Each structure stands twice: as structure tokens, then as C-alpha cells.
Amino acid sequence: MTEPTPFDATDGKTHLSYELLTTSALSSSTPVRLNRVDVKDARTHQVIGSLSGQALAEAANPVGDPLPGADGYTPPPPAPMPTVIQGSQQWIIWLDLTLDHGRAAPEVLEHHLSGAILTASGPSAFEETVQATPTARTAPLNLSPPVLPGTWYASESCCGNTHHRRGLAPINGRFGVPQRFAIDWYRVGEHGQAWEGDPAQLTSYLSYRQPVAAAAGGRVVEVQDGIPDNPPPHTPPVPPIEDTVGNHITLEVAPGRYLLYGHLEPGSLKVREGDRVEPGQVLGLIGNSGNSTTPHLHFQVTTTAEFFPTDSPPFTFQRFRVLGQVEPRIWDDNLGLQPTGVLPITPSPYKGPHRAQYPLDREVLEF
């Protein structure tokens, strides 16, 4: 569903995050038990990642039947074991592979599936090697910050069970994961607070009306304005698909690579289509427009100038410092419903300076 692109993350590992669609062409009365998925280097046939048992059950689900917990409120309950694909069903397997630092990603991946067809007379074992998949040879964009200097909470980034990472979207007859590497950014105060005062007021949120900045030089190719901010903290009705990211700005920064800034405050956008921008230039202010419950910046790289349909490739930031992490999943839908606005920030094993890396889910960092 995408060209797997190796990227370095704050855990010091090289990651590959992509999806494998599996379809059973058997009759609806003949299920298939999938026991194991091995991802191999197609040249050496060396295994670089495996899923089986509970890990496979938690990384696979029928198309149209998302895993419990993907709404971000609670971790998913134990998934059923084993993984059984009913006849005539299509399942998606969410692959998030990690390689030790310095180990090059294979040029081509292959996928070895093993399991059994569950016939009336008993299970019939099978093994199949499928889907030779080239990996990208172009490095991810290495960007400046999309916000001004300060402390920020990176929510819903790769690579767990979040609505960004596991947001499967059917658009124009094709499946895509248009937010695979998107990050929601929240400003954090000196006491770890994301809001203070009345969470029903937009102005209580430290992110509200914070400037957003060009993370690379480029040309403005899309601007949408005029969508009102939503009143927090309760989830608004889902808007039409064209208003999903609310007021937004899209920059073209390289061939086939665009930067999307979403949920901006109406009337705050400072650029027009066709404008050229420089790194660090202020583009607008964070708001709460579109599919947003509390103020934050939705930021990602896309492969098209429009949000749907698009692909979501990885990216890195040139330099930042990890300060800590947040264990519970707190995102825009439940941020304003917390007892206080203070985030439960705990020490991170990756604390310290980082260069040319991607921030992992729920890290608190300083630009």
C-alpha cells in the first residue's frame, strides 16, 4: 500500500512501517488460520522481522473492522488467538519493523506466510512467499520545526495503535493510509500543562494561537480558510471529508513531497497560493477547526497537494531534545476531559539531543 521507507527514530533504531493486505479467495465456509508472517531480505532470505501468536493477532484485523483501542482512549484488550481469516475476507496486517542502528534496510522485502486451511476434514498446512516489495532509496525529508521554539507534546505519531497509524481510508476505489506518519503537536508549559483554567475555553489551551512555521522552503499550493473553530472539549460532529483538516496550508517542498498544516485558526493564515516561503517563516496560527476537539497542529508529509487521497511517507527533524514521555494515550478528543491540564510526563530512555530522527508517539520534546 506504500513504498516502505527506512527512517531513523528517537529509539536509535531504523524503522520500516507499512501494510500488507491479505485476501482469502476460499469459500465463506472455509477459514484460514494464519500462524506466522516473516518479513525477509529478498536477496539473502534472512528474516528481519516476524509476527506470530498474540503479536500477530494484535497487528491484524479485517478490513472495515478496526482494532479495539484505535480511538486512542484505552489500550486494546487481548486480541483473539489464533488469527483466523474467514473465507472471502480481506485482512490488513500492520507491519512495524525495527532494525538495529547501522543495519541497512534490504533493497527488496519478501513476505513468508504460514498457517493452515481449516477444512471440514481437518487443517491443511500451507506456506507461501508473496509480495516482493522494493524499499525506497530516497531518504526521508529532514525538516526544521513546524512550530516555534519551546516544549511540545508529539501525539498520535508512529508506530502504535493510533488513529493516524492505523487509519485505513478507501478513496476512489483504493485503500490508503493517508496519516501514517502524521503528528499532532501540543504546546506544553513549564509545569507540564497543556491547558490551564477552564477547558471549555479555547484560550485555556497553550497551543491555541501559537504560530506555525515553514519546516522547509517551498511554494504554497493549497490554502483553505473560513472554517470556524470548534468549542472544546467535546468531540464535534465529523465534518465533510474536504473539511477534515480544517483551515490548512499545504507547501510543495520537493517533487512529490508536500507539508500539510491542519486545524489552523480562521483568519490567521498569512500566505496565499503561489507564495514562496522560507524555512522558519510564520504561516498562520494554531486553531481548532475541522475534525479537531482541542487546539493542536496536525502536521505531516504527503505525496499530493490534497489531503485525500494521498500517501503519508516518513520524515525527520534536523535537531530536537527529548525531555520525557506520556504513558497514557492523551489526544485531542480526551485532552480537555482530563482532571487537570498537566500531562503525566515521565522519564524517557531516549532523553537528550537528537538529530535527523523522527519523534515516536507521545514523546515530549524541545525544539
# chains A, B, ... in the order shown; residues from 1 in each chain; ligands from 1
$ select_by_dssp --residues "segment 223-318 of chain A" --states "strand (DSSP E)" --output "VMD selection string"
chain A and resid 223 to 224 247 to 254 257 to 264 276 to 277 282 to 285 297 to 302 315 to 318
$ write_last_selection --atoms "C-alpha atoms" --output "PDB file, in the first residue's frame"
ATOM      1  CA  VAL A 223      -4.892  27.253   1.284  1.00  0.00           C
ATOM      2  CA  GLN A 224      -8.258  26.749   2.948  1.00  0.00           C
ATOM      3  CA  ASN A 247      -8.245  25.567   7.792  1.00  0.00           C
ATOM      4  CA  HIS A 248      -4.942  24.438   6.384  1.00  0.00           C
ATOM      5  CA  ILE A 249      -1.872  25.267   4.345  1.00  0.00           C
ATOM      6  CA  THR A 250       0.000  22.911   2.022  1.00  0.00           C
ATOM      7  CA  LEU A 251       3.557  23.593   0.853  1.00  0.00           C
ATOM      8  CA  GLU A 252       5.310  21.879  -2.038  1.00  0.00           C
ATOM      9  CA  VAL A 253       8.911  21.438  -0.874  1.00  0.00           C
ATOM     10  CA  ALA A 254      10.248  18.774  -3.279  1.00  0.00           C
ATOM     11  CA  ARG A 257       6.563  15.926  -1.350  1.00  0.00           C
ATOM     12  CA  TYR A 258       4.255  18.349   0.430  1.00  0.00           C
ATOM     13  CA  LEU A 259       3.922  19.641   4.001  1.00  0.00           C
ATOM     14  CA  LEU A 260       0.413  19.847   5.448  1.00  0.00           C
ATOM     15  CA  TYR A 261      -0.512  22.149   8.354  1.00  0.00           C
ATOM     16  CA  GLY A 262      -4.036  21.470   9.634  1.00  0.00           C
ATOM     17  CA  HIS A 263      -6.625  22.801  12.141  1.00  0.00           C
ATOM     18  CA  LEU A 264      -5.485  26.429  11.877  1.00  0.00           C
ATOM     19  CA  ARG A 276       7.205  31.274  -1.923  1.00  0.00           C
ATOM     20  CA  VAL A 277       8.187  30.708   1.704  1.00  0.00           C
ATOM     21  CA  VAL A 282       5.361  32.037  10.066  1.00  0.00           C
ATOM     22  CA  LEU A 283       2.409  30.687   8.077  1.00  0.00           C
ATOM     23  CA  GLY A 284      -0.516  31.064  10.461  1.00  0.00           C
ATOM     24  CA  LEU A 285      -1.771  30.244  13.959  1.00  0.00           C
ATOM     25  CA  LEU A 297      -1.354  21.385  14.894  1.00  0.00           C
ATOM     26  CA  HIS A 298      -1.811  18.406  12.597  1.00  0.00           C
ATOM     27  CA  PHE A 299       1.445  18.138  10.635  1.00  0.00           C
ATOM     28  CA  GLN A 300       2.614  15.598   8.094  1.00  0.00           C
ATOM     29  CA  VAL A 301       4.316  14.999   4.764  1.00  0.00           C
ATOM     30  CA  THR A 302       2.029  13.993   1.892  1.00  0.00           C
ATOM     31  CA  PHE A 315      10.161  12.445   7.781  1.00  0.00           C
ATOM     32  CA  THR A 316      12.728  13.520  10.365  1.00  0.00           C
ATOM     33  CA  PHE A 317      13.631  16.728  12.162  1.00  0.00           C
ATOM     34  CA  GLN A 318      17.101  18.201  11.986  1.00  0.00           C
TER      35      GLN A 318
END
$ residues_around --residues "Glu273 of chain A" --least-positions-apart "5" --cutoff "6 Å" --atoms "only C-alpha atoms" --output "PyMOL selection string"
chain A and resi 220-222
$ residues_around --residues "Ser204 of chain A" --least-positions-apart "2" --cutoff "12 Å" --atoms "only C-alpha atoms" --output "ChimeraX atom specification"
/A:187,189,193-202,206-209,231-233,294-295,335-336,340-341
$ write_last_selection --atoms "N, CA, C and O atoms" --output "tab-separated table (two decimals), in the first residue's frame"
chain	number	residue	atom	x	y	z
A	187	ARG	N	1.42	22.50	22.56
A	187	ARG	CA	2.37	23.31	23.34
A	187	ARG	C	2.26	22.92	24.81
A	187	ARG	O	1.16	22.73	25.34
A	189	GLY	N	3.56	23.86	28.83
A	189	GLY	CA	4.10	24.90	29.68
A	189	GLY	C	5.19	24.40	30.60
A	189	GLY	O	5.52	23.21	30.65
A	193	GLN	N	1.91	21.58	31.70
A	193	GLN	CA	0.50	21.74	31.41
A	193	GLN	C	0.26	22.00	29.92
A	193	GLN	O	1.01	22.71	29.27
A	194	ALA	N	-0.82	21.37	29.41
A	194	ALA	CA	-1.26	21.63	28.04
A	194	ALA	C	-2.41	22.62	28.03
A	194	ALA	O	-2.68	23.25	27.02
A	195	TRP	N	-3.12	22.73	29.16
A	195	TRP	CA	-4.13	23.77	29.33
A	195	TRP	C	-4.18	24.16	30.79
A	195	TRP	O	-3.75	23.40	31.68
A	196	GLU	N	-4.69	25.33	31.06
A	196	GLU	CA	-4.87	25.80	32.43
A	196	GLU	C	-6.09	26.71	32.49
A	196	GLU	O	-6.34	27.48	31.57
A	197	GLY	N	-6.86	26.55	33.56
A	197	GLY	CA	-8.10	27.32	33.66
A	197	GLY	C	-9.28	26.46	33.28
A	197	GLY	O	-9.43	25.31	33.71
A	198	ASP	N	-10.15	27.00	32.44
A	198	ASP	CA	-11.39	26.34	32.05
A	198	ASP	C	-11.18	25.61	30.72
A	198	ASP	O	-10.98	26.25	29.68
A	199	PRO	N	-11.24	24.25	30.71
A	199	PRO	CA	-11.00	23.53	29.46
A	199	PRO	C	-12.10	23.73	28.42
A	199	PRO	O	-11.95	23.27	27.28
A	200	ALA	N	-13.18	24.40	28.80
A	200	ALA	CA	-14.22	24.71	27.82
A	200	ALA	C	-13.93	25.99	27.05
A	200	ALA	O	-14.72	26.37	26.18
A	201	GLN	N	-12.81	26.64	27.35
A	201	GLN	CA	-12.42	27.87	26.66
A	201	GLN	C	-11.20	27.62	25.77
A	201	GLN	O	-10.20	27.06	26.24
A	202	LEU	N	-11.28	28.01	24.52
A	202	LEU	CA	-10.15	27.83	23.60
A	202	LEU	C	-8.88	28.48	24.14
A	202	LEU	O	-7.78	27.93	24.00
A	206	LEU	N	-2.67	26.03	25.73
A	206	LEU	CA	-1.42	26.71	25.42
A	206	LEU	C	-1.11	26.66	23.92
A	206	LEU	O	-0.36	27.50	23.42
A	207	SER	N	-1.67	25.67	23.21
A	207	SER	CA	-1.43	25.58	21.77
A	207	SER	C	-2.18	26.65	20.99
A	207	SER	O	-1.76	27.02	19.89
A	208	TYR	N	-3.28	27.11	21.53
A	208	TYR	CA	-4.18	27.99	20.77
A	208	TYR	C	-3.47	29.29	20.39
A	208	TYR	O	-2.87	29.97	21.21
A	209	ARG	N	-3.53	29.61	19.11
A	209	ARG	CA	-2.95	30.79	18.50
A	209	ARG	C	-1.42	30.80	18.55
A	209	ARG	O	-0.79	31.84	18.36
A	231	PRO	N	-15.82	24.59	19.62
A	231	PRO	CA	-15.71	24.81	21.06
A	231	PRO	C	-15.28	23.53	21.76
A	231	PRO	O	-15.86	22.48	21.53
A	232	PRO	N	-14.24	23.59	22.59
A	232	PRO	CA	-13.82	22.38	23.31
A	232	PRO	C	-14.73	22.16	24.52
A	232	PRO	O	-15.53	23.05	24.85
A	233	PRO	N	-14.62	21.02	25.23
A	233	PRO	CA	-13.71	19.92	24.96
A	233	PRO	C	-14.40	18.69	24.38
A	233	PRO	O	-13.84	17.60	24.39
A	294	THR	N	-9.71	19.70	20.52
A	294	THR	CA	-8.97	20.71	21.27
A	294	THR	C	-7.82	21.22	20.40
A	294	THR	O	-7.33	20.50	19.53
A	295	PRO	N	-7.36	22.46	20.61
A	295	PRO	CA	-6.40	23.07	19.68
A	295	PRO	C	-5.09	22.28	19.60
A	295	PRO	O	-4.49	21.91	20.61
A	335	LEU	N	-8.04	15.26	25.66
A	335	LEU	CA	-7.14	16.16	26.38
A	335	LEU	C	-7.91	17.06	27.33
A	335	LEU	O	-7.57	17.21	28.51
A	336	GLY	N	-9.00	17.66	26.85
A	336	GLY	CA	-9.77	18.58	27.68
A	336	GLY	C	-10.65	17.91	28.70
A	336	GLY	O	-11.28	18.59	29.52
A	340	THR	N	-6.94	17.43	35.14
A	340	THR	CA	-6.22	18.70	35.06
A	340	THR	C	-5.55	18.77	33.70
A	340	THR	O	-5.50	17.79	32.95
A	341	GLY	N	-5.01	19.94	33.40
A	341	GLY	CA	-4.31	20.10	32.14
A	341	GLY	C	-2.85	19.68	32.17
A	341	GLY	O	-2.16	19.78	31.16
$ atom_distance --atom1 "atom CA of Glu128 of chain A" --atom2 "atom CA of His112 of chain A"
5.7 Å
$ closest_residue --among "A:Ser155, A:Ser17, A:Gln54, A:Thr2" --to "Phe175 of chain A" --atoms "only C-alpha atoms"
A:Thr2
$ select_by_dssp --residues "segment 38-178 of chain A" --states "alpha helix (DSSP H)" --output "PyMOL selection string"
chain A and resi 53-58
$ write_last_selection --atoms "N, CA, C and O atoms" --output "mmCIF file, in the first residue's frame"
data_model
loop_
_atom_site.group_PDB
_atom_site.id
_atom_site.type_symbol
_atom_site.label_atom_id
_atom_site.label_comp_id
_atom_site.auth_asym_id
_atom_site.auth_seq_id
_atom_site.Cartn_x
_atom_site.Cartn_y
_atom_site.Cartn_z
ATOM 1 N N GLY A 53 1.466 -15.601 16.875
ATOM 2 C CA GLY A 53 0.766 -15.656 18.155
ATOM 3 C C GLY A 53 0.038 -14.365 18.467
ATOM 4 O O GLY A 53 -0.621 -13.761 17.616
ATOM 5 N N GLN A 54 0.185 -13.919 19.720
ATOM 6 C CA GLN A 54 -0.529 -12.729 20.170
ATOM 7 C C GLN A 54 -0.105 -11.475 19.403
ATOM 8 O O GLN A 54 -0.921 -10.616 19.089
ATOM 9 N N ALA A 55 1.209 -11.383 19.085
ATOM 10 C CA ALA A 55 1.691 -10.207 18.356
ATOM 11 C C ALA A 55 1.037 -10.107 16.985
ATOM 12 O O ALA A 55 0.679 -9.012 16.528
ATOM 13 N N LEU A 56 0.849 -11.242 16.304
ATOM 14 C CA LEU A 56 0.184 -11.235 15.009
ATOM 15 C C LEU A 56 -1.292 -10.885 15.163
ATOM 16 O O LEU A 56 -1.840 -10.096 14.395
ATOM 17 N N ALA A 57 -1.937 -11.453 16.186
ATOM 18 C CA ALA A 57 -3.355 -11.158 16.412
ATOM 19 C C ALA A 57 -3.592 -9.675 16.664
ATOM 20 O O ALA A 57 -4.603 -9.116 16.237
ATOM 21 N N GLU A 58 -2.653 -9.016 17.347
ATOM 22 C CA GLU A 58 -2.810 -7.598 17.660
ATOM 23 C C GLU A 58 -2.424 -6.689 16.493
ATOM 24 O O GLU A 58 -2.700 -5.491 16.531
#
$ atom_distance --atom1 "atom CA of Pro31 of chain A" --atom2 "atom CA of Glu110 of chain A"
24.0 Å
$ closest_residue --among "A:His234, A:Ser88, A:Ser29, A:Asp65" --to "Gln338 of chain A" --atoms "only C-alpha atoms"
A:His234
$ residues_around --residues "Thr303 of chain A" --least-positions-apart "6" --cutoff "6 Å" --atoms "only C-alpha atoms" --output "list of chain:residue names"
A:Gly256, A:Arg257, A:Thr310, A:Asp311
$ write_last_selection --atoms "N, CA and C atoms" --output "PDB file, in the first residue's frame"
ATOM      1  N   GLY A 256       6.869  15.723  -5.570  1.00  0.00           N
ATOM      2  CA  GLY A 256       6.063  14.694  -4.932  1.00  0.00           C
ATOM      3  C   GLY A 256       6.088  14.712  -3.416  1.00  0.00           C
ATOM      4  N   ARG A 257       6.523  15.827  -2.815  1.00  0.00           N
ATOM      5  CA  ARG A 257       6.563  15.926  -1.350  1.00  0.00           C
ATOM      6  C   ARG A 257       5.979  17.268  -0.925  1.00  0.00           C
ATOM      7  N   THR A 310      -4.010  10.594  -0.616  1.00  0.00           N
ATOM      8  CA  THR A 310      -2.575  10.839  -0.563  1.00  0.00           C
ATOM      9  C   THR A 310      -1.914   9.683   0.151  1.00  0.00           C
ATOM     10  N   ASP A 311      -0.605   9.620   0.072  1.00  0.00           N
ATOM     11  CA  ASP A 311       0.158   8.698   0.884  1.00  0.00           C
ATOM     12  C   ASP A 311       0.902   9.514   1.938  1.00  0.00           C
TER      13      ASP A 311
END
$ residues_around --residues "Asp100 of chain A" --least-positions-apart "2" --cutoff "7 Å" --atoms "only C-alpha atoms" --output "PyMOL selection string"
chain A and resi 13-14+98+102-103
$ closest_residue --among "A:Leu269, A:Val364, A:Leu95, A:Leu34" --to "Gly160 of chain A" --atoms "only C-alpha atoms"
A:Leu95
$ closest_residue --among "A:Asn291, A:Thr30, A:Gln179, A:Ser348" --to "Phe307 of chain A" --atoms "only C-alpha atoms"
A:Gln179
